[in-house]
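S.K.: One structure coming up, written as structure tokens, with questions to follow.
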Amino acid sequence: MKPLDHVNNQQGFALISVMLFLVLLTVIGIAALNTTGVELQITGNDRIYRTDFYNQEMSLAAGKLNYRTWLTTGYLTSDESTAYFPQAGSDDNGNGITDLSEMIKNGEVIGSYRIRNNVSTATDISAWEDLSAFGSAADHPANQVPVLNHRDKPLPGSGYDPKNFEIRRFTITAYSVKNDRKVILQEGVYKVFNKYE
């Protein structure tokens with residue numbers, strides 16, 4: 001009987017090679033599945049963020065387009081430190097916002113806008129329903145805009161005579177009414193008024 005040569009014995013090598021190859025393929029497959037899952041989550045979150053961003057952009061546009069709903073005599077004649085819109089009313093959930101400032105799509109509120117005189121952080125926004133999300137009125141994004149005079153001369157090159165006209169500056173703050181969304185857009189706008197009307 002011939003002694004076995006264990007050094008040159010290759011029996012079972014193919015089986016071990018196939019097993020290692022299968023383990024390698026399994027690890028690669030699991031890694032690919034995990035990567036795909038993460039990518040799907042990232043894409044989903046990005047879609048939600050973009051949708052919310054566009055909703056708030058639409059809210060800003062609605063605030064500018066529908067200025068007659070907030071630029072009322074009562075708003076213009078109220079004290080500059082307390083002038084903001086909306087001041088009263090509530091939706092079906094008691095959120096303290098009016099239909100005039102809500103963007104509604106398929107029966108769901110997708111955005112809301114607030115407008116205040118652009119004078120300083122002293123503007124009273126204590127009635128805004130989302131103050132607790134920011135800590136205080138001073139920390140609210142609506143109070144983080146640059147301080148400018150509410151009443152001022154028309155801008156150079158605007159075509160309005162400073163002797164006869166004045167501008168009034170306002171800040172529009174648009175944000176999602178959903179607590180898990182943090183998209184907040186703001187824009188400063190002004191309107192020209194005749195001093196003698």
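Every chain in the structure tokens has a letter given in the order shown (A, B, ...), and although residue numbers restart at 1 in each chain, ligands are simply numbered from 1 in the order shown.
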With a distance cut-off of 7 Å and only C-alpha atoms, select the neighbouring residues of Leu60 in chain A, excluding the residue or stretch itself and same-chain residues fewer than 6 positions from it, and output the selection as a list of chain:residue names.

M.R.: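 The residues that qualify are A:Tyr113, A:Ile172, A:Ala174.
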
S.K.: When you draw a straight line from CA of Thr36 in chain A to CA of Arg50 in chain A, how long is it in Å?

M.R.: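 Spanning CA of Thr36 in chain A to CA of Arg50 in chain A is a straight-line distance of 20.8 Å.
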
S.K.: Here is a test: counting only C-alpha atoms, which residue of A:Leu71, A:Leu131, A:Ala138, A:Val145 is nearest to Arg168 in chain A?

M.R.: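 Checking each candidate against Arg168 in chain A, we get A:Leu71 as the closest.
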
S.K.: Just to confirm, what's the straight-line distance from CA of Val147 in chain A to CA of Asn118 in chain A in Å (one decimal)?

M.R.: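 It comes out at 6.7 Å.
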
S.K.: Please, which residues of range 4-197 of chain A, numbered as in this document, come out strand (DSSP E or B) from DSSP, as an NGL selection string?

M.R.: :A and (84-85 or 102-105 or 108-117 or 151-152 or 165-175 or 184-194)

S.K.: Would you mind exporting N, CA and C atoms of the selected residues as a CSV table (one decimal), in the first residue's frame?

M.R.:
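The new file part27.csv reads:
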```csv
chain,number,residue,atom,x,y,z
A,84,TYR,N,-48.9,92.3,12.2
A,84,TYR,CA,-48.5,91.1,11.5
A,84,TYR,C,-49.8,90.4,11.1
A,85,PHE,N,-49.7,89.5,10.1
A,85,PHE,CA,-50.8,88.8,9.6
A,85,PHE,C,-50.5,87.3,9.5
A,102,GLU,N,-53.1,79.9,4.5
A,102,GLU,CA,-52.8,78.5,4.3
A,102,GLU,C,-52.8,78.1,2.8
A,103,MET,N,-51.9,77.2,2.5
A,103,MET,CA,-51.9,76.6,1.1
A,103,MET,C,-52.5,75.2,1.3
A,104,ILE,N,-53.6,75.0,0.6
A,104,ILE,CA,-54.2,73.7,0.8
A,104,ILE,C,-54.2,72.9,-0.5
A,105,LYS,N,-53.8,71.6,-0.4
A,105,LYS,CA,-53.8,70.8,-1.6
A,105,LYS,C,-54.4,69.5,-1.2
A,108,GLU,N,-55.4,69.0,2.3
A,108,GLU,CA,-54.3,69.0,3.4
A,108,GLU,C,-53.6,70.3,3.3
A,109,VAL,N,-53.3,70.9,4.5
A,109,VAL,CA,-52.6,72.1,4.6
A,109,VAL,C,-51.1,71.8,4.3
A,110,ILE,N,-50.5,72.3,3.3
A,110,ILE,CA,-49.1,72.0,2.9
A,110,ILE,C,-48.2,73.1,3.2
A,111,GLY,N,-48.7,74.3,3.5
A,111,GLY,CA,-47.8,75.4,3.8
A,111,GLY,C,-48.6,76.6,4.4
A,112,SER,N,-47.9,77.5,5.0
A,112,SER,CA,-48.5,78.6,5.6
A,112,SER,C,-47.6,79.8,5.5
A,113,TYR,N,-48.1,81.0,5.5
A,113,TYR,CA,-47.2,82.2,5.5
A,113,TYR,C,-47.7,83.2,6.5
A,114,ARG,N,-46.8,83.9,7.0
A,114,ARG,CA,-47.0,85.0,8.0
A,114,ARG,C,-46.3,86.3,7.5
A,115,ILE,N,-46.9,87.4,7.7
A,115,ILE,CA,-46.3,88.6,7.2
A,115,ILE,C,-46.2,89.6,8.4
A,116,ARG,N,-45.1,90.3,8.5
A,116,ARG,CA,-45.0,91.3,9.6
A,116,ARG,C,-44.3,92.5,9.1
A,117,ASN,N,-44.4,93.6,9.8
A,117,ASN,CA,-43.7,94.8,9.4
A,117,ASN,C,-42.2,94.6,9.7
A,151,ARG,N,-40.9,102.3,7.2
A,151,ARG,CA,-41.2,103.4,6.3
A,151,ARG,C,-39.9,104.1,5.9
A,152,ASP,N,-39.8,104.2,4.6
A,152,ASP,CA,-38.6,104.8,4.0
A,152,ASP,C,-38.8,105.5,2.7
A,165,PHE,N,-43.8,110.1,-2.5
A,165,PHE,CA,-44.0,108.6,-2.3
A,165,PHE,C,-43.1,108.1,-1.1
A,166,GLU,N,-43.6,107.1,-0.5
A,166,GLU,CA,-42.8,106.4,0.5
A,166,GLU,C,-43.0,104.9,0.3
A,167,ILE,N,-42.1,104.1,0.8
A,167,ILE,CA,-42.2,102.6,0.7
A,167,ILE,C,-42.4,102.1,2.2
A,168,ARG,N,-43.1,101.0,2.2
A,168,ARG,CA,-43.2,100.3,3.5
A,168,ARG,C,-42.7,98.9,3.3
A,169,ARG,N,-41.8,98.4,4.2
A,169,ARG,CA,-41.2,97.1,4.1
A,169,ARG,C,-41.9,96.1,4.9
A,170,PHE,N,-42.0,94.9,4.4
A,170,PHE,CA,-42.7,93.7,5.1
A,170,PHE,C,-41.8,92.5,4.9
A,171,THR,N,-41.9,91.6,5.8
A,171,THR,CA,-41.2,90.3,5.7
A,171,THR,C,-42.3,89.2,5.7
A,172,ILE,N,-42.2,88.4,4.6
A,172,ILE,CA,-43.0,87.2,4.5
A,172,ILE,C,-42.2,86.0,4.9
A,173,THR,N,-42.8,85.2,5.9
A,173,THR,CA,-42.2,84.0,6.4
A,173,THR,C,-43.1,82.8,6.0
A,174,ALA,N,-42.6,81.9,5.2
A,174,ALA,CA,-43.4,80.7,4.8
A,174,ALA,C,-42.7,79.5,5.4
A,175,TYR,N,-43.5,78.6,5.9
A,175,TYR,CA,-43.0,77.3,6.5
A,175,TYR,C,-44.1,76.3,6.5
A,184,ILE,N,-38.0,76.6,6.0
A,184,ILE,CA,-38.5,77.9,6.3
A,184,ILE,C,-37.9,78.9,5.3
A,185,LEU,N,-38.8,79.6,4.5
A,185,LEU,CA,-38.4,80.5,3.5
A,185,LEU,C,-38.9,81.9,3.9
A,186,GLN,N,-38.0,82.9,3.7
A,186,GLN,CA,-38.4,84.3,4.0
A,186,GLN,C,-38.1,85.2,2.8
A,187,GLU,N,-38.8,86.2,2.7
A,187,GLU,CA,-38.6,87.2,1.7
A,187,GLU,C,-39.0,88.6,2.2
A,188,GLY,N,-38.2,89.6,1.9
A,188,GLY,CA,-38.5,90.9,2.2
A,188,GLY,C,-39.2,91.6,1.0
A,189,VAL,N,-40.3,92.2,1.2
A,189,VAL,CA,-41.0,92.9,0.1
A,189,VAL,C,-41.3,94.3,0.5
A,190,TYR,N,-41.6,95.2,-0.4
A,190,TYR,CA,-42.0,96.5,-0.1
A,190,TYR,C,-43.1,97.0,-1.0
A,191,LYS,N,-43.9,97.9,-0.6
A,191,LYS,CA,-44.9,98.5,-1.4
A,191,LYS,C,-44.8,100.0,-1.4
A,192,VAL,N,-45.1,100.6,-2.5
A,192,VAL,CA,-45.0,102.1,-2.7
A,192,VAL,C,-46.4,102.7,-2.3
A,193,PHE,N,-46.3,103.7,-1.5
A,193,PHE,CA,-47.5,104.5,-1.2
A,193,PHE,C,-47.4,105.9,-1.5
A,194,ASN,N,-48.5,106.5,-1.9
A,194,ASN,CA,-48.5,108.0,-2.1
A,194,ASN,C,-48.7,108.7,-0.8
```
